[in-house]
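Peer 1: Got a file for you: my_file-v9.cif, mmCIF, C-alpha atoms.
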data_final
loop_
_atom_site.group_PDB
_atom_site.id
_atom_site.type_symbol
_atom_site.label_atom_id
_atom_site.label_comp_id
_atom_site.auth_asym_id
_atom_site.auth_seq_id
_atom_site.Cartn_x
_atom_site.Cartn_y
_atom_site.Cartn_z
ATOM 1 C CA MET A 23 0.000 0.000 0.000
ATOM 2 C CA VAL A 24 2.798 2.370 0.884
ATOM 3 C CA LEU A 25 4.525 1.588 -2.424
ATOM 4 C CA GLU A 26 1.323 2.140 -4.394
ATOM 5 C CA ALA A 27 0.729 5.434 -2.616
ATOM 6 C CA GLY A 28 4.281 6.464 -3.378
ATOM 7 C CA LEU A 29 3.875 5.617 -7.081
ATOM 8 C CA ALA A 30 0.589 7.473 -7.221
ATOM 9 C CA GLY A 31 2.278 10.496 -5.682
ATOM 10 C CA VAL A 32 5.059 10.380 -8.267
ATOM 11 C CA ALA A 33 2.550 10.061 -11.094
ATOM 12 C CA LYS A 34 0.573 13.013 -9.714
ATOM 13 C CA GLN A 35 3.722 15.114 -9.479
ATOM 14 C CA ALA A 36 4.671 14.195 -13.062
ATOM 15 C CA GLU A 37 1.206 15.133 -14.267
ATOM 16 C CA GLN A 38 1.446 18.511 -12.570
ATOM 17 C CA LEU A 39 4.773 19.062 -14.302
ATOM 18 C CA ARG A 40 3.072 18.274 -17.610
ATOM 19 C CA LEU A 41 0.423 20.901 -16.867
ATOM 20 C CA ASP A 42 3.163 23.361 -15.961
ATOM 21 C CA GLY A 43 4.878 22.559 -19.239
ATOM 22 C CA ASN A 44 1.648 23.138 -21.125
ATOM 23 C CA TYR A 45 1.286 26.527 -19.483
ATOM 24 C CA TYR A 46 4.834 27.533 -20.381
ATOM 25 C CA PHE A 47 4.285 26.300 -23.931
ATOM 26 C CA SER A 48 1.147 28.443 -24.289
ATOM 27 C CA LYS A 49 3.269 31.455 -23.308
ATOM 28 C CA ASP A 50 5.975 30.538 -25.873
ATOM 29 C CA ARG A 51 8.393 29.813 -23.036
ATOM 30 C CA TYR A 52 9.747 26.706 -24.723
ATOM 31 C CA GLY A 53 12.878 26.366 -22.585
ATOM 32 C CA ALA A 54 10.821 26.338 -19.380
ATOM 33 C CA ALA A 55 8.351 23.924 -20.950
ATOM 34 C CA ILE A 56 11.185 21.570 -21.924
ATOM 35 C CA ASP A 57 12.497 21.657 -18.362
ATOM 36 C CA ALA A 58 9.049 20.813 -16.968
ATOM 37 C CA TYR A 59 8.485 17.936 -19.407
ATOM 38 C CA THR A 60 12.014 16.644 -18.746
ATOM 39 C CA GLU A 61 11.277 16.508 -15.014
ATOM 40 C CA ALA A 62 8.024 14.689 -15.748
ATOM 41 C CA ILE A 63 9.932 12.192 -17.914
ATOM 42 C CA THR A 64 12.487 11.683 -15.143
ATOM 43 C CA LEU A 65 9.678 10.786 -12.740
ATOM 44 C CA CYS A 66 7.579 8.750 -15.212
ATOM 45 C CA PRO A 67 9.629 7.839 -18.301
ATOM 46 C CA ASN A 68 7.001 5.476 -19.709
ATOM 47 C CA VAL A 69 4.343 8.103 -20.458
ATOM 48 C CA PRO A 70 4.431 8.814 -24.227
ATOM 49 C CA ILE A 71 2.704 12.210 -24.064
ATOM 50 C CA TYR A 72 5.544 13.682 -22.023
ATOM 51 C CA TRP A 73 7.943 12.776 -24.831
ATOM 52 C CA THR A 74 5.732 14.119 -27.633
ATOM 53 C CA ASN A 75 5.080 17.347 -25.696
ATOM 54 C CA ARG A 76 8.806 17.884 -25.308
ATOM 55 C CA ALA A 77 9.323 16.991 -28.990
ATOM 56 C CA LEU A 78 6.887 19.751 -29.949
ATOM 57 C CA CYS A 79 8.922 22.230 -27.920
ATOM 58 C CA HIS A 80 12.087 21.127 -29.707
ATOM 59 C CA LEU A 81 10.268 21.583 -33.014
ATOM 60 C CA LYS A 82 9.407 25.165 -32.085
ATOM 61 C CA ARG A 83 13.130 25.729 -31.574
ATOM 62 C CA ASN A 84 14.022 23.943 -34.830
ATOM 63 C CA ASP A 85 16.033 21.361 -32.915
ATOM 64 C CA TRP A 86 15.124 18.507 -35.256
ATOM 65 C CA THR A 87 17.606 15.980 -33.879
ATOM 66 C CA LYS A 88 15.922 16.146 -30.473
ATOM 67 C CA VAL A 89 12.467 16.093 -32.073
ATOM 68 C CA GLU A 90 13.337 12.807 -33.741
ATOM 69 C CA ALA A 91 14.821 11.272 -30.592
ATOM 70 C CA ASP A 92 11.755 12.130 -28.480
ATOM 71 C CA CYS A 93 9.305 10.973 -31.153
ATOM 72 C CA ARG A 94 11.028 7.642 -31.611
ATOM 73 C CA LYS A 95 10.928 7.106 -27.845
ATOM 74 C CA ALA A 96 7.220 7.972 -27.752
ATOM 75 C CA ILE A 97 6.501 5.525 -30.598
ATOM 76 C CA GLN A 98 8.544 2.861 -28.823
ATOM 77 C CA LEU A 99 6.279 3.309 -25.792
ATOM 78 C CA ASP A 100 3.080 3.592 -27.844
ATOM 79 C CA HIS A 101 3.040 2.352 -31.448
ATOM 80 C CA ASP A 102 -0.284 4.180 -31.921
ATOM 81 C CA SER A 103 1.027 7.605 -30.929
ATOM 82 C CA VAL A 104 -0.524 9.952 -33.492
ATOM 83 C CA LYS A 105 1.672 12.893 -32.522
ATOM 84 C CA GLY A 106 4.740 10.684 -32.378
ATOM 85 C CA HIS A 107 4.328 9.542 -35.985
ATOM 86 C CA TYR A 108 3.228 13.015 -37.108
ATOM 87 C CA LEU A 109 6.197 14.878 -35.634
ATOM 88 C CA LEU A 110 8.610 12.175 -36.779
ATOM 89 C CA GLY A 111 7.173 12.553 -40.278
ATOM 90 C CA LEU A 112 7.808 16.303 -40.178
ATOM 91 C CA THR A 113 11.374 15.665 -39.027
ATOM 92 C CA LEU A 114 12.029 13.322 -41.953
ATOM 93 C CA LEU A 115 10.572 15.866 -44.380
ATOM 94 C CA GLN A 116 12.904 18.475 -42.924
ATOM 95 C CA ARG A 117 15.807 16.191 -43.919
ATOM 96 C CA ASN A 118 14.322 15.761 -47.415
ATOM 97 C CA GLU A 119 13.641 12.081 -46.670
ATOM 98 C CA TYR A 120 10.245 12.364 -48.323
ATOM 99 C CA ALA A 121 9.439 8.687 -48.837
ATOM 100 C CA GLU A 122 10.041 7.818 -45.164
ATOM 101 C CA GLY A 123 8.313 10.994 -44.027
ATOM 102 C CA ILE A 124 5.233 10.081 -46.063
ATOM 103 C CA LYS A 125 5.105 6.654 -44.402
ATOM 104 C CA GLU A 126 5.088 8.239 -40.951
ATOM 105 C CA LEU A 127 2.476 10.831 -41.916
ATOM 106 C CA GLU A 128 0.251 8.130 -43.404
ATOM 107 C CA LYS A 129 0.486 6.170 -40.143
ATOM 108 C CA ALA A 130 -0.391 9.312 -38.198
ATOM 109 C CA LEU A 131 -3.321 10.069 -40.521
ATOM 110 C CA ASN A 132 -4.780 6.566 -40.233
ATOM 111 C CA LEU A 133 -4.389 6.569 -36.449
ATOM 112 C CA GLY A 134 -5.800 10.089 -36.174
ATOM 113 C CA ARG A 135 -8.853 9.216 -38.238
ATOM 114 C CA GLY A 136 -9.585 6.341 -35.878
ATOM 115 C CA ALA A 137 -9.253 8.472 -32.756
ATOM 116 C CA LYS A 138 -10.886 11.767 -33.765
ATOM 117 C CA PRO A 139 -11.860 11.684 -37.446
ATOM 118 C CA LYS A 140 -12.796 15.370 -37.425
ATOM 119 C CA GLY A 141 -10.050 16.562 -35.107
ATOM 120 C CA TYR A 142 -7.830 19.500 -36.060
ATOM 121 C CA ILE A 143 -4.717 17.317 -36.101
ATOM 122 C CA VAL A 144 -6.171 15.117 -38.847
ATOM 123 C CA GLU A 145 -6.534 18.154 -41.093
ATOM 124 C CA ASP A 146 -2.983 19.265 -40.247
ATOM 125 C CA ILE A 147 -1.602 15.803 -41.031
ATOM 126 C CA TRP A 148 -3.564 15.648 -44.286
ATOM 127 C CA GLN A 149 -2.129 18.988 -45.415
ATOM 128 C CA GLU A 150 1.431 17.964 -44.572
ATOM 129 C CA LEU A 151 0.955 14.622 -46.327
ATOM 130 C CA ALA A 152 -0.304 16.327 -49.471
ATOM 131 C CA ARG A 153 2.696 18.688 -49.377
ATOM 132 C CA ALA A 154 5.083 15.775 -48.792
ATOM 133 C CA LYS A 155 3.718 13.826 -51.761
ATOM 134 C CA TYR A 156 4.215 16.824 -54.021
ATOM 135 C CA LEU A 157 7.760 17.364 -52.715
ATOM 136 C CA LEU A 158 8.550 13.701 -53.363
ATOM 137 C CA TRP A 159 7.227 13.977 -56.912
ATOM 138 C CA GLU A 160 9.240 17.176 -57.416
ATOM 139 C CA GLN A 161 12.417 15.544 -56.100
ATOM 140 C CA GLU A 162 11.992 12.501 -58.330
ATOM 141 C CA SER A 163 10.972 14.667 -61.280
ATOM 142 C CA SER A 164 14.159 16.732 -61.005
ATOM 143 C CA LYS A 165 16.206 13.547 -61.044
ATOM 144 C CA ARG A 166 14.260 12.203 -64.035
ATOM 145 C CA SER A 167 14.646 15.517 -65.881
ATOM 146 C CA TRP A 168 18.411 15.433 -65.423
ATOM 147 C CA GLU A 169 18.577 11.804 -66.587
ATOM 148 C CA LEU A 170 16.318 12.578 -69.553
ATOM 149 C CA GLN A 171 18.458 15.550 -70.592
ATOM 150 C CA SER A 172 21.647 13.487 -70.312
ATOM 151 C CA LEU A 173 20.113 10.723 -72.447
ATOM 152 C CA LYS A 174 18.872 13.267 -75.002
ATOM 153 C CA GLU A 175 22.338 14.818 -75.333
ATOM 154 C CA ALA A 176 23.924 11.368 -75.728
ATOM 155 C CA CYS A 177 21.430 10.421 -78.457
ATOM 156 C CA GLU A 178 21.948 13.714 -80.281
ATOM 157 C CA ALA A 179 25.715 13.244 -80.153
ATOM 158 C CA ALA A 180 25.329 9.736 -81.565
ATOM 159 C CA LEU A 181 23.186 11.053 -84.421
ATOM 160 C CA GLU A 182 25.719 13.773 -85.153
ATOM 161 C CA GLU A 183 28.482 11.175 -85.355
ATOM 162 C CA LYS A 184 26.323 9.045 -87.640
ATOM 163 C CA HIS A 185 25.657 12.082 -89.843
ATOM 164 C CA VAL A 186 29.386 12.822 -90.186
ATOM 165 C CA LEU A 187 29.970 9.184 -91.103
ATOM 166 C CA ASP A 188 27.137 9.242 -93.664
ATOM 167 C CA ILE A 189 28.573 12.363 -95.323
ATOM 168 C CA SER A 190 31.961 10.723 -95.684
ATOM 169 C CA ILE A 191 30.408 7.576 -97.191
ATOM 170 C CA LYS A 192 27.687 9.129 -99.370
ATOM 171 C CA GLU A 193 29.683 11.628 -101.367
ATOM 172 C CA GLY A 194 27.390 13.159 -103.956
ATOM 173 C CA PHE A 195 24.306 12.520 -101.820
ATOM 174 C CA LEU A 196 24.843 15.264 -99.237
ATOM 175 C CA ASP A 197 21.331 16.688 -99.570
ATOM 176 C CA GLU A 198 19.797 13.293 -98.922
ATOM 177 C CA ALA A 199 22.061 12.644 -95.948
ATOM 178 C CA SER A 200 21.305 16.079 -94.457
ATOM 179 C CA SER A 201 17.563 15.630 -94.952
ATOM 180 C CA THR A 202 17.634 12.235 -93.258
ATOM 181 C CA HIS A 203 19.709 13.636 -90.394
ATOM 182 C CA LEU A 204 17.287 16.529 -89.799
ATOM 183 C CA LYS A 205 14.295 14.168 -89.779
ATOM 184 C CA GLN A 206 16.003 11.854 -87.292
ATOM 185 C CA MET A 207 16.933 14.749 -85.017
ATOM 186 C CA GLU A 208 13.378 16.098 -85.071
ATOM 187 C CA ALA A 209 11.937 12.642 -84.358
ATOM 188 C CA LEU A 210 14.343 12.243 -81.454
ATOM 189 C CA ARG A 211 13.397 15.639 -79.999
ATOM 190 C CA GLN A 212 9.689 14.838 -80.286
ATOM 191 C CA VAL A 213 10.229 11.637 -78.309
ATOM 192 C CA PHE A 214 11.973 13.529 -75.501
ATOM 193 C CA ARG A 215 9.402 16.361 -75.549
ATOM 194 C CA LYS A 216 6.624 13.792 -75.112
ATOM 195 C CA ALA A 217 8.513 12.122 -72.264
ATOM 196 C CA ALA A 218 8.915 15.481 -70.495
ATOM 197 C CA GLU A 219 5.219 16.351 -70.962
ATOM 198 C CA ASP A 220 4.129 13.011 -69.509
ATOM 199 C CA ASP A 221 6.085 13.680 -66.335
ATOM 200 C CA THR A 222 3.413 15.747 -64.576
ATOM 201 C CA PRO A 223 2.315 15.469 -60.937
ATOM 202 C CA ALA A 224 -0.575 13.139 -60.226
ATOM 203 C CA GLU A 225 -3.433 14.405 -58.087
ATOM 204 C CA VAL A 226 -2.892 13.502 -54.439
ATOM 205 C CA SER A 227 -5.445 10.847 -53.551
ATOM 206 C CA ILE A 228 -6.274 11.477 -49.884
ATOM 207 C CA SER A 229 -9.779 11.822 -48.522
ATOM 208 C CA ILE A 230 -11.159 12.995 -45.195
ATOM 209 C CA CYS A 231 -13.631 10.638 -43.560
#
What would you get if you wrote out this structure as structure tokens?

Peer 2:
Amino acid sequence: MVLEAGLAGVAKQAEQLRLDGNYYFSKDRYGAAIDAYTEAITLCPNVPIYWTNRALCHLKRNDWTKVEADCRKAIQLDHDSVKGHYLLGLTLLQRNEYAEGIKELEKALNLGRGAKPKGYIVEDIWQELARAKYLLWEQESSKRSWELQSLKEACEAALEEKHVLDISIKEGFLDEASSTHLKQMEALRQVFRKAAEDDTPAEVSISIC
């Protein structure tokens, strides 16, 4: 009984520290809030919300390394931590790790829909997920554009070499060789223009339930 009473007292003290942290956070006193949440964690390290609250403070200070560490701890304690997955997703996006960030945001969105389908956080997650999917497309598109341009230049160079060879072989048929070369170059450019046009962003398919 004495032990249980002692544990209850510790839990109550930790909860008061969380409330103190929330107050400091509302006043933009993020350092004080971090101190309060850290004390709560020291007393009760297995409460996920203390970790996610502190992670949010670190986010406000752009300390992304600490955001990630606290979020991963929160998720370790509670695999269904909506805020844990959400804030971890934002951290990964900050590092341009869009694919992994999208996975975390999708987890957060699915968990958030189950808890409070019309809650504000679901809308926030949805917006960040839509942004992340566009950023991923943009990142991959830039890579594809560079590869496409490199391939186009290589093909054009090959055609130029072929044209020079044709001229040396077909003496007396220069007009024909030039005409063929121009047609081949135009056909090649049309192929690459079509490839570039086809590389457009798909509409993000996310719905709110």

Peer 1: List the neighbours of A:Leu133 out to 8 Å using all atoms listed in the file; skip same-chain residues closer than 6 positions along the sequence, and give me the result as a list in words.

Peer 2: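 Final neighbour list, sorted by chain and number: Asp102, Ser103 and Val104 of chain A.
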
Peer 1: Please write as a ChimeraX atom specification the full residue list that the PyMOL selection byres ((chain A and resi 90-98) around 10) yields on this file.

Peer 2: /A:67-78,80-81,85-89,99-114

Peer 1: Taking all atoms listed in the file into account, name the residue in A:Ala180, A:Gly136, A:Gln171, A:Gln35 that is nearest to A:Arg215.

Peer 2: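 Once distances to A:Arg215 are computed over all atoms listed in the file, the minimum belongs to A:Gln171.
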
Peer 1: What is the atom CA of A:Ala54 to atom CA of A:Leu41 distance in Å?

Peer 2: 12.0 Å

Peer 1: To one decimal place, how far is atom CA of A:Ala62 from atom CA of A:Lys82 in Å?

Peer 2: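 According to the coordinates, atom CA of A:Ala62 and atom CA of A:Lys82 are separated by 19.5 Å.
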